[in-house]
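First the structure, in the form of structure tokens, and then the observations on it.
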Amino acid sequence: MKSRLPYFAVGTVVKGFGRGSKELGIPTANFPEHVVEQLPAEIQTGIYYGWAKVDNGPTHKMVMSIGWNPYYKNEKKSMETHIMHVFEDDFYGSELKVIMLGYIRGEKNFNSLEELITAIKGDIAESDKQLSLPEHQNFKSHPFFTGRSEPHCNGITKEDIANGISNGLPDSKKLINGSLENGDNS
Ligand SMILES: Cc1cc2nc3c(=O)[nH]c(=O)nc-3n(C[C@H](O)[C@H](O)[C@H](O)COP(=O)(O)O)c2cc1C
Ligand SMILES: Nc1ncnc2c1ncn2[C@@H]1O[C@H](COP(=O)(O)OP(=O)(O)O)[C@@H](O)[C@H]1O
Ligand SMILES: [Mg+2]
């Protein structure tokens, strides 16, 4: 099966359970339900690394968790991004854009909060290492981040593009359901 990575997603940052900062010391910017629902089946639950941008700010490294957080037994699937940058303030309501480039591991349950935190810190270190590789660097300045783009380009279809719904990418790099149409870098 063709990989669905890179996967592009955009949405407004919404409230979660407030555990990321308070219990884990690792905040995660949560995407709204409609963004989670647009994920194709091929994007399995688990931990991904890539790049993230908040509103018109710079692009930062990120690590993302997709799933039901087995440690907390959430009833709803979530898609949460920890951005590897220290922000002065919260940014609820801001537009978050991400490009997911690689998969690290599946979601796990843990016997203690400390073990969950240790695993997340390991994911952050692994993401940092991966994203420093030349093959991942070019996505930092991808037109998805730097160009004009429609705010709702998750799950954009060939028909949308035919109807003139643009996602701000050059014709050679149009998005189809969050993946690059010409299949490069996948
Ligand atoms: C890199 C990363 C890896 C994670 N891995 C797991 C995991 O294996 N199991 C799990 O239950 N939750 C995992 N989480 C999710 C945390 O439990 C979640 O971020 C926390 O519950 C915060 O949720 P909130 O945004 O609703 O406050 C991970 C989060 C991140 C950022
Ligand atoms: N480096 C960061 N990465 C992600 N979110 C951050 C970061 N720094 C600050 N935040 C803020 O913290 C919020 C996430 O904290 P968290 O405790 O996970 O709360 P919630 O459960 O509401 O998602 C984000 O929505 C954002 O406003
Ligand atoms: Mg969160």
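Residues are referred to by chain and number: the chain letter is A, B, ... according to the order shown in the structure tokens, the number counts from 1 in that chain, and ligands are numbered separately from 1 in the order shown.
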
Inset, instruction - Within 7 Å of ligand 1, which residues show up when you count only C-alpha atoms and all ligand atoms? List them as a PyMOL selection string, please. - result: chain A and resi 16-21+26-30+47+63-65+68-72+80-82+106-109+116+119-120+123-124

Legend entry - Polymer residues at most 12 Å from Gly11 of chain A, only C-alpha atoms, same-chain spacing of 6 or more positions, as a list of chain:residue names: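 Residues near the query, excluding close chain neighbours: A:Ala29, A:Asn30, A:Phe31, A:Pro32, A:Glu33, A:His34, A:Val35, A:Val36, A:Gln38, A:Ala52, A:Lys53, A:Val54, A:Asp55, A:Met79, A:Glu80, A:Thr81, A:Tyr92, A:Gly93, A:Ser94, A:Glu95, A:Leu96, A:Lys97, A:Val98, A:Glu150, A:Pro151, A:His152, A:Cys153, A:Asn154.
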
Please produce an output containing N, CA and C atoms for each residue in the selection, written as a PDB file, in the first residue's frame.
```
ATOM      1  N   ALA A  29      -1.156  20.635  21.578  1.00  0.00           N
ATOM      2  CA  ALA A  29      -2.199  21.421  20.927  1.00  0.00           C
ATOM      3  C   ALA A  29      -3.130  20.440  20.208  1.00  0.00           C
ATOM      4  N   ASN A  30      -4.398  20.407  20.656  1.00  0.00           N
ATOM      5  CA  ASN A  30      -5.337  19.411  20.140  1.00  0.00           C
ATOM      6  C   ASN A  30      -6.110  19.938  18.928  1.00  0.00           C
ATOM      7  N   PHE A  31      -6.238  19.071  17.905  1.00  0.00           N
ATOM      8  CA  PHE A  31      -7.036  19.416  16.725  1.00  0.00           C
ATOM      9  C   PHE A  31      -8.511  19.124  16.998  1.00  0.00           C
ATOM     10  N   PRO A  32      -9.414  19.862  16.314  1.00  0.00           N
ATOM     11  CA  PRO A  32     -10.846  19.586  16.486  1.00  0.00           C
ATOM     12  C   PRO A  32     -11.253  18.249  15.857  1.00  0.00           C
ATOM     13  N   GLU A  33     -12.420  17.782  16.256  1.00  0.00           N
ATOM     14  CA  GLU A  33     -12.923  16.473  15.813  1.00  0.00           C
ATOM     15  C   GLU A  33     -12.930  16.294  14.305  1.00  0.00           C
ATOM     16  N   HIS A  34     -13.331  17.338  13.571  1.00  0.00           N
ATOM     17  CA  HIS A  34     -13.472  17.152  12.116  1.00  0.00           C
ATOM     18  C   HIS A  34     -12.125  16.852  11.462  1.00  0.00           C
ATOM     19  N   VAL A  35     -11.055  17.382  12.031  1.00  0.00           N
ATOM     20  CA  VAL A  35      -9.715  17.105  11.475  1.00  0.00           C
ATOM     21  C   VAL A  35      -9.343  15.640  11.755  1.00  0.00           C
ATOM     22  N   VAL A  36      -9.677  15.172  12.951  1.00  0.00           N
ATOM     23  CA  VAL A  36      -9.394  13.773  13.323  1.00  0.00           C
ATOM     24  C   VAL A  36     -10.193  12.834  12.420  1.00  0.00           C
ATOM     25  N   GLN A  38     -11.153  13.270   9.436  1.00  0.00           N
ATOM     26  CA  GLN A  38     -10.700  13.254   8.041  1.00  0.00           C
ATOM     27  C   GLN A  38      -9.454  12.410   7.820  1.00  0.00           C
ATOM     28  N   ALA A  52       5.524  21.904  12.342  1.00  0.00           N
ATOM     29  CA  ALA A  52       4.285  22.578  12.739  1.00  0.00           C
ATOM     30  C   ALA A  52       4.450  24.085  12.690  1.00  0.00           C
ATOM     31  N   LYS A  53       3.333  24.759  12.404  1.00  0.00           N
ATOM     32  CA  LYS A  53       3.344  26.225  12.346  1.00  0.00           C
ATOM     33  C   LYS A  53       2.057  26.745  12.978  1.00  0.00           C
ATOM     34  N   VAL A  54       2.177  27.730  13.856  1.00  0.00           N
ATOM     35  CA  VAL A  54       1.015  28.338  14.503  1.00  0.00           C
ATOM     36  C   VAL A  54       0.787  29.714  13.884  1.00  0.00           C
ATOM     37  N   ASP A  55      -0.406  29.931  13.336  1.00  0.00           N
ATOM     38  CA  ASP A  55      -0.752  31.176  12.642  1.00  0.00           C
ATOM     39  C   ASP A  55       0.377  31.559  11.669  1.00  0.00           C
ATOM     40  N   MET A  79      -5.961  13.943  18.215  1.00  0.00           N
ATOM     41  CA  MET A  79      -4.797  14.211  17.369  1.00  0.00           C
ATOM     42  C   MET A  79      -4.128  15.420  18.009  1.00  0.00           C
ATOM     43  N   GLU A  80      -3.035  15.155  18.739  1.00  0.00           N
ATOM     44  CA  GLU A  80      -2.431  16.192  19.588  1.00  0.00           C
ATOM     45  C   GLU A  80      -0.979  16.420  19.213  1.00  0.00           C
ATOM     46  N   THR A  81      -0.608  17.688  19.083  1.00  0.00           N
ATOM     47  CA  THR A  81       0.736  18.051  18.632  1.00  0.00           C
ATOM     48  C   THR A  81       1.517  18.729  19.741  1.00  0.00           C
ATOM     49  N   TYR A  92      -4.800  28.757  22.086  1.00  0.00           N
ATOM     50  CA  TYR A  92      -6.121  28.204  21.738  1.00  0.00           C
ATOM     51  C   TYR A  92      -6.781  29.127  20.727  1.00  0.00           C
ATOM     52  N   GLY A  93      -7.462  28.551  19.737  1.00  0.00           N
ATOM     53  CA  GLY A  93      -8.152  29.350  18.725  1.00  0.00           C
ATOM     54  C   GLY A  93      -7.263  29.713  17.549  1.00  0.00           C
ATOM     55  N   SER A  94      -5.957  29.483  17.674  1.00  0.00           N
ATOM     56  CA  SER A  94      -5.045  29.767  16.558  1.00  0.00           C
ATOM     57  C   SER A  94      -5.137  28.676  15.505  1.00  0.00           C
ATOM     58  N   GLU A  95      -4.640  29.002  14.296  1.00  0.00           N
ATOM     59  CA  GLU A  95      -4.582  28.000  13.243  1.00  0.00           C
ATOM     60  C   GLU A  95      -3.269  27.222  13.377  1.00  0.00           C
ATOM     61  N   LEU A  96      -3.383  25.907  13.429  1.00  0.00           N
ATOM     62  CA  LEU A  96      -2.199  25.043  13.486  1.00  0.00           C
ATOM     63  C   LEU A  96      -2.105  24.258  12.187  1.00  0.00           C
ATOM     64  N   LYS A  97      -0.934  24.340  11.562  1.00  0.00           N
ATOM     65  CA  LYS A  97      -0.665  23.552  10.355  1.00  0.00           C
ATOM     66  C   LYS A  97       0.427  22.556  10.678  1.00  0.00           C
ATOM     67  N   VAL A  98       0.259  21.323  10.247  1.00  0.00           N
ATOM     68  CA  VAL A  98       1.310  20.320  10.456  1.00  0.00           C
ATOM     69  C   VAL A  98       1.562  19.516   9.192  1.00  0.00           C
ATOM     70  N   GLU A 150      -5.522  27.558   1.523  1.00  0.00           N
ATOM     71  CA  GLU A 150      -6.859  27.514   2.079  1.00  0.00           C
ATOM     72  C   GLU A 150      -6.788  26.983   3.505  1.00  0.00           C
ATOM     73  N   PRO A 151      -7.547  27.554   4.423  1.00  0.00           N
ATOM     74  CA  PRO A 151      -7.487  27.056   5.785  1.00  0.00           C
ATOM     75  C   PRO A 151      -8.035  25.645   5.942  1.00  0.00           C
ATOM     76  N   HIS A 152      -8.889  25.194   5.026  1.00  0.00           N
ATOM     77  CA  HIS A 152      -9.475  23.858   5.199  1.00  0.00           C
ATOM     78  C   HIS A 152      -9.069  22.948   4.062  1.00  0.00           C
ATOM     79  N   CYS A 153      -7.834  22.481   4.066  1.00  0.00           N
ATOM     80  CA  CYS A 153      -7.403  21.628   2.963  1.00  0.00           C
ATOM     81  C   CYS A 153      -7.254  20.179   3.383  1.00  0.00           C
ATOM     82  N   ASN A 154      -7.759  19.804   4.581  1.00  0.00           N
ATOM     83  CA  ASN A 154      -7.732  18.393   4.941  1.00  0.00           C
ATOM     84  C   ASN A 154      -8.677  17.658   4.012  1.00  0.00           C
TER      85      ASN A 154
END
```

Legend entry - Best match for closeness to ligand 3 among A:Glu114, A:Glu42, A:Asp90, A:Glu37, counting only C-alpha atoms and all ligand atoms: A:Asp90

Legend entry - Given only C-alpha atoms and all ligand atoms as the counted atoms, nearest of A:Phe8, A:Val86, A:Ser3, A:Ser132 to ligand 2: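 Looking only at the distances to ligand 2, the closest residue turns out to be A:Val86.
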
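Proximity ranking of A:Trp51, A:Tyr7, A:Phe139, A:Phe91 relative to ligand 2 places A:Phe91 first, based on only C-alpha atoms and all ligand atoms.
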
Legend entry - Which of segment 18-70 of chain A DSSP labels alpha helix (DSSP H), written as a ChimeraX atom specification: /A:19,33-37

Inset, instruction - Per DSSP on the backbone, filter segment 43-121 of chain A down to the residues in strand (DSSP E) and report them as a count of residues only. - result: 35

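Comparing the minimum interatomic distances between ligand 2 and each of A:Lys121, A:Lys76, A:His136, A:Lys15, counting only C-alpha atoms and all ligand atoms, we find that A:Lys15 sits nearest.
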
Inset, instruction - Measuring atom to atom with only C-alpha atoms, identify which of A:Ala9, A:Glu88, A:Val14, A:Leu133 is nearest to Phe145 of chain A. - result: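 Using only C-alpha atoms, Phe145 of chain A sits closest to A:Ala9.
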
Legend entry - Nearby residues (only C-alpha atoms) at most 12 Å from Lys129 of chain A, same-chain spacing under 5 positions excluded, as JSON, numbers by chain: {"A": [49, 50, 61, 62, 63, 102, 104, 122, 123, 124, 134, 135, 136, 137]}
